[in-house]
Amino acid sequence: MGSVYKAKRRVEAVCLALSSGLSRERIAQGLGIGFSTLKTWIRDARAHETTITGRNWSYGI
């Protein structure tokens, strides 16, 4: 069964991934989450941000 993470942890992980300059693999490992989990959180955050503000994200995953 998968783990359930609080929204705050997701937001912090996404912010770190998008602003730290570290690889997403290293961030996921450091946070003790799967790389695919982090990738999904980033994708979801971008979709939400685009829907709300129309901002066009240019980060590569």
# chains A, B, ... in the order shown; residues from 1 in each chain; ligands from 1
>>> residues_around(residues="range 10-21 of chain A", least_positions_apart="5", cutoff="9 Å", atoms="only C-alpha atoms", output="PDB file with N, CA and C atoms, in the first residue's frame")
ATOM      1  N   TYR A   5       0.842  11.357   2.055  1.00  0.00           N
ATOM      2  CA  TYR A   5       1.630  12.492   2.506  1.00  0.00           C
ATOM      3  C   TYR A   5       0.730  13.707   2.699  1.00  0.00           C
ATOM      4  N   ILE A  27      16.733  14.970  -4.604  1.00  0.00           N
ATOM      5  CA  ILE A  27      15.732  15.539  -3.701  1.00  0.00           C
ATOM      6  C   ILE A  27      14.796  14.447  -3.189  1.00  0.00           C
ATOM      7  N   ALA A  28      14.309  13.612  -4.104  1.00  0.00           N
ATOM      8  CA  ALA A  28      13.410  12.524  -3.706  1.00  0.00           C
ATOM      9  C   ALA A  28      14.094  11.602  -2.704  1.00  0.00           C
ATOM     10  N   LEU A  31      14.418  13.221   0.696  1.00  0.00           N
ATOM     11  CA  LEU A  31      13.141  13.349   1.398  1.00  0.00           C
ATOM     12  C   LEU A  31      12.517  12.004   1.732  1.00  0.00           C
ATOM     13  N   LEU A  38       7.615  12.288  -6.588  1.00  0.00           N
ATOM     14  CA  LEU A  38       7.987  13.691  -6.719  1.00  0.00           C
ATOM     15  C   LEU A  38       7.619  14.221  -8.094  1.00  0.00           C
ATOM     16  N   LYS A  39       7.875  13.443  -9.114  1.00  0.00           N
ATOM     17  CA  LYS A  39       7.557  13.844 -10.480  1.00  0.00           C
ATOM     18  C   LYS A  39       6.047  14.088 -10.635  1.00  0.00           C
ATOM     19  N   TRP A  41       3.946  14.902  -8.206  1.00  0.00           N
ATOM     20  CA  TRP A  41       3.604  16.101  -7.436  1.00  0.00           C
ATOM     21  C   TRP A  41       3.940  17.363  -8.221  1.00  0.00           C
ATOM     22  N   ILE A  42       5.083  17.360  -8.886  1.00  0.00           N
ATOM     23  CA  ILE A  42       5.487  18.523  -9.686  1.00  0.00           C
ATOM     24  C   ILE A  42       4.509  18.721 -10.841  1.00  0.00           C
ATOM     25  N   ALA A  45       1.295  20.096  -9.502  1.00  0.00           N
ATOM     26  CA  ALA A  45       1.441  21.491  -9.087  1.00  0.00           C
ATOM     27  C   ALA A  45       1.453  22.421 -10.289  1.00  0.00           C
ATOM     28  N   TYR A  59      10.086  24.266 -16.842  1.00  0.00           N
ATOM     29  CA  TYR A  59      11.025  23.316 -16.252  1.00  0.00           C
ATOM     30  C   TYR A  59      10.874  21.966 -16.934  1.00  0.00           C
TER      31      TYR A  59
END
>>> atom_distance(atom1="CA of His48 in chain A", atom2="CA of Ala7 in chain A")
13.6 Å
>>> decode(residues="range 9-38 of chain A", atoms="N, CA, C and O atoms", output="PDB file, in the first residue's frame")
ATOM      1  N   ARG A   9       3.788  18.774   3.083  1.00  0.00           N
ATOM      2  CA  ARG A   9       5.010  18.065   2.663  1.00  0.00           C
ATOM      3  C   ARG A   9       5.134  18.071   1.144  1.00  0.00           C
ATOM      4  O   ARG A   9       6.220  18.234   0.595  1.00  0.00           O
ATOM      5  N   ARG A  10       4.010  17.896   0.460  1.00  0.00           N
ATOM      6  CA  ARG A  10       4.029  17.927  -1.001  1.00  0.00           C
ATOM      7  C   ARG A  10       4.473  19.290  -1.506  1.00  0.00           C
ATOM      8  O   ARG A  10       5.315  19.385  -2.400  1.00  0.00           O
ATOM      9  N   VAL A  11       3.906  20.340  -0.952  1.00  0.00           N
ATOM     10  CA  VAL A  11       4.249  21.702  -1.379  1.00  0.00           C
ATOM     11  C   VAL A  11       5.722  21.979  -1.133  1.00  0.00           C
ATOM     12  O   VAL A  11       6.420  22.519  -1.997  1.00  0.00           O
ATOM     13  N   GLU A  12       6.218  21.612   0.028  1.00  0.00           N
ATOM     14  CA  GLU A  12       7.628  21.839   0.345  1.00  0.00           C
ATOM     15  C   GLU A  12       8.536  21.072  -0.610  1.00  0.00           C
ATOM     16  O   GLU A  12       9.551  21.603  -1.068  1.00  0.00           O
ATOM     17  N   ALA A  13       8.180  19.840  -0.931  1.00  0.00           N
ATOM     18  CA  ALA A  13       8.990  19.029  -1.847  1.00  0.00           C
ATOM     19  C   ALA A  13       9.013  19.639  -3.242  1.00  0.00           C
ATOM     20  O   ALA A  13      10.067  19.726  -3.880  1.00  0.00           O
ATOM     21  N   VAL A  14       7.863  20.086  -3.724  1.00  0.00           N
ATOM     22  CA  VAL A  14       7.784  20.690  -5.056  1.00  0.00           C
ATOM     23  C   VAL A  14       8.578  21.989  -5.094  1.00  0.00           C
ATOM     24  O   VAL A  14       9.351  22.226  -6.035  1.00  0.00           O
ATOM     25  N   CYS A  15       8.429  22.813  -4.088  1.00  0.00           N
ATOM     26  CA  CYS A  15       9.185  24.079  -4.048  1.00  0.00           C
ATOM     27  C   CYS A  15      10.685  23.812  -4.047  1.00  0.00           C
ATOM     28  O   CYS A  15      11.434  24.480  -4.760  1.00  0.00           O
ATOM     29  N   LEU A  16      11.114  22.851  -3.271  1.00  0.00           N
ATOM     30  CA  LEU A  16      12.528  22.491  -3.229  1.00  0.00           C
ATOM     31  C   LEU A  16      12.995  21.996  -4.596  1.00  0.00           C
ATOM     32  O   LEU A  16      14.051  22.411  -5.090  1.00  0.00           O
ATOM     33  N   ALA A  17      12.201  21.153  -5.221  1.00  0.00           N
ATOM     34  CA  ALA A  17      12.578  20.597  -6.519  1.00  0.00           C
ATOM     35  C   ALA A  17      12.678  21.668  -7.598  1.00  0.00           C
ATOM     36  O   ALA A  17      13.544  21.602  -8.469  1.00  0.00           O
ATOM     37  N   LEU A  18      11.817  22.665  -7.538  1.00  0.00           N
ATOM     38  CA  LEU A  18      11.803  23.687  -8.583  1.00  0.00           C
ATOM     39  C   LEU A  18      12.764  24.838  -8.324  1.00  0.00           C
ATOM     40  O   LEU A  18      13.046  25.606  -9.231  1.00  0.00           O
ATOM     41  N   SER A  19      13.273  24.943  -7.111  1.00  0.00           N
ATOM     42  CA  SER A  19      14.107  26.112  -6.817  1.00  0.00           C
ATOM     43  C   SER A  19      15.521  25.798  -6.339  1.00  0.00           C
ATOM     44  O   SER A  19      16.357  26.693  -6.303  1.00  0.00           O
ATOM     45  N   SER A  20      15.821  24.556  -6.017  1.00  0.00           N
ATOM     46  CA  SER A  20      17.100  24.261  -5.369  1.00  0.00           C
ATOM     47  C   SER A  20      18.270  24.088  -6.331  1.00  0.00           C
ATOM     48  O   SER A  20      19.406  24.268  -5.935  1.00  0.00           O
ATOM     49  N   GLY A  21      17.995  23.683  -7.561  1.00  0.00           N
ATOM     50  CA  GLY A  21      19.078  23.395  -8.488  1.00  0.00           C
ATOM     51  C   GLY A  21      19.619  21.985  -8.352  1.00  0.00           C
ATOM     52  O   GLY A  21      20.467  21.560  -9.135  1.00  0.00           O
ATOM     53  N   LEU A  22      19.151  21.235  -7.359  1.00  0.00           N
ATOM     54  CA  LEU A  22      19.553  19.838  -7.193  1.00  0.00           C
ATOM     55  C   LEU A  22      18.743  18.962  -8.133  1.00  0.00           C
ATOM     56  O   LEU A  22      17.652  19.341  -8.559  1.00  0.00           O
ATOM     57  N   SER A  23      19.253  17.781  -8.416  1.00  0.00           N
ATOM     58  CA  SER A  23      18.503  16.862  -9.266  1.00  0.00           C
ATOM     59  C   SER A  23      17.265  16.387  -8.515  1.00  0.00           C
ATOM     60  O   SER A  23      17.253  16.284  -7.286  1.00  0.00           O
ATOM     61  N   ARG A  24      16.251  16.073  -9.275  1.00  0.00           N
ATOM     62  CA  ARG A  24      15.011  15.595  -8.663  1.00  0.00           C
ATOM     63  C   ARG A  24      15.224  14.234  -8.002  1.00  0.00           C
ATOM     64  O   ARG A  24      14.601  13.935  -6.984  1.00  0.00           O
ATOM     65  N   GLU A  25      16.118  13.438  -8.572  1.00  0.00           N
ATOM     66  CA  GLU A  25      16.429  12.141  -7.974  1.00  0.00           C
ATOM     67  C   GLU A  25      17.028  12.335  -6.581  1.00  0.00           C
ATOM     68  O   GLU A  25      16.662  11.635  -5.634  1.00  0.00           O
ATOM     69  N   ARG A  26      17.950  13.276  -6.460  1.00  0.00           N
ATOM     70  CA  ARG A  26      18.598  13.523  -5.171  1.00  0.00           C
ATOM     71  C   ARG A  26      17.608  14.084  -4.153  1.00  0.00           C
ATOM     72  O   ARG A  26      17.639  13.719  -2.979  1.00  0.00           O
ATOM     73  N   ILE A  27      16.733  14.970  -4.604  1.00  0.00           N
ATOM     74  CA  ILE A  27      15.732  15.539  -3.701  1.00  0.00           C
ATOM     75  C   ILE A  27      14.796  14.447  -3.189  1.00  0.00           C
ATOM     76  O   ILE A  27      14.532  14.355  -1.992  1.00  0.00           O
ATOM     77  N   ALA A  28      14.309  13.612  -4.104  1.00  0.00           N
ATOM     78  CA  ALA A  28      13.410  12.524  -3.706  1.00  0.00           C
ATOM     79  C   ALA A  28      14.094  11.602  -2.704  1.00  0.00           C
ATOM     80  O   ALA A  28      13.507  11.240  -1.673  1.00  0.00           O
ATOM     81  N   GLN A  29      15.331  11.252  -2.993  1.00  0.00           N
ATOM     82  CA  GLN A  29      16.075  10.373  -2.098  1.00  0.00           C
ATOM     83  C   GLN A  29      16.253  11.030  -0.729  1.00  0.00           C
ATOM     84  O   GLN A  29      16.060  10.389   0.301  1.00  0.00           O
ATOM     85  N   GLY A  30      16.605  12.302  -0.711  1.00  0.00           N
ATOM     86  CA  GLY A  30      16.810  13.013   0.541  1.00  0.00           C
ATOM     87  C   GLY A  30      15.547  13.139   1.374  1.00  0.00           C
ATOM     88  O   GLY A  30      15.604  13.151   2.602  1.00  0.00           O
ATOM     89  N   LEU A  31      14.418  13.221   0.696  1.00  0.00           N
ATOM     90  CA  LEU A  31      13.141  13.349   1.398  1.00  0.00           C
ATOM     91  C   LEU A  31      12.517  12.004   1.732  1.00  0.00           C
ATOM     92  O   LEU A  31      11.491  11.941   2.409  1.00  0.00           O
ATOM     93  N   GLY A  32      13.129  10.933   1.222  1.00  0.00           N
ATOM     94  CA  GLY A  32      12.611   9.603   1.503  1.00  0.00           C
ATOM     95  C   GLY A  32      11.330   9.278   0.750  1.00  0.00           C
ATOM     96  O   GLY A  32      10.489   8.526   1.232  1.00  0.00           O
ATOM     97  N   ILE A  33      11.189   9.857  -0.454  1.00  0.00           N
ATOM     98  CA  ILE A  33      10.031   9.570  -1.296  1.00  0.00           C
ATOM     99  C   ILE A  33      10.531   9.040  -2.629  1.00  0.00           C
ATOM    100  O   ILE A  33      11.697   9.209  -2.978  1.00  0.00           O
ATOM    101  N   GLY A  34       9.663   8.413  -3.366  1.00  0.00           N
ATOM    102  CA  GLY A  34      10.044   7.895  -4.666  1.00  0.00           C
ATOM    103  C   GLY A  34      10.180   9.003  -5.693  1.00  0.00           C
ATOM    104  O   GLY A  34       9.491  10.030  -5.617  1.00  0.00           O
ATOM    105  N   PHE A  35      11.073   8.792  -6.649  1.00  0.00           N
ATOM    106  CA  PHE A  35      11.260   9.777  -7.718  1.00  0.00           C
ATOM    107  C   PHE A  35       9.964   9.982  -8.489  1.00  0.00           C
ATOM    108  O   PHE A  35       9.592  11.111  -8.804  1.00  0.00           O
ATOM    109  N   SER A  36       9.253   8.899  -8.774  1.00  0.00           N
ATOM    110  CA  SER A  36       8.003   9.029  -9.530  1.00  0.00           C
ATOM    111  C   SER A  36       6.951   9.791  -8.731  1.00  0.00           C
ATOM    112  O   SER A  36       6.131  10.509  -9.303  1.00  0.00           O
ATOM    113  N   THR A  37       6.986   9.662  -7.416  1.00  0.00           N
ATOM    114  CA  THR A  37       6.066  10.422  -6.562  1.00  0.00           C
ATOM    115  C   THR A  37       6.345  11.908  -6.686  1.00  0.00           C
ATOM    116  O   THR A  37       5.430  12.715  -6.898  1.00  0.00           O
ATOM    117  N   LEU A  38       7.615  12.288  -6.588  1.00  0.00           N
ATOM    118  CA  LEU A  38       7.987  13.691  -6.719  1.00  0.00           C
ATOM    119  C   LEU A  38       7.619  14.221  -8.094  1.00  0.00           C
ATOM    120  O   LEU A  38       7.087  15.323  -8.234  1.00  0.00           O
TER     121      LEU A  38
END
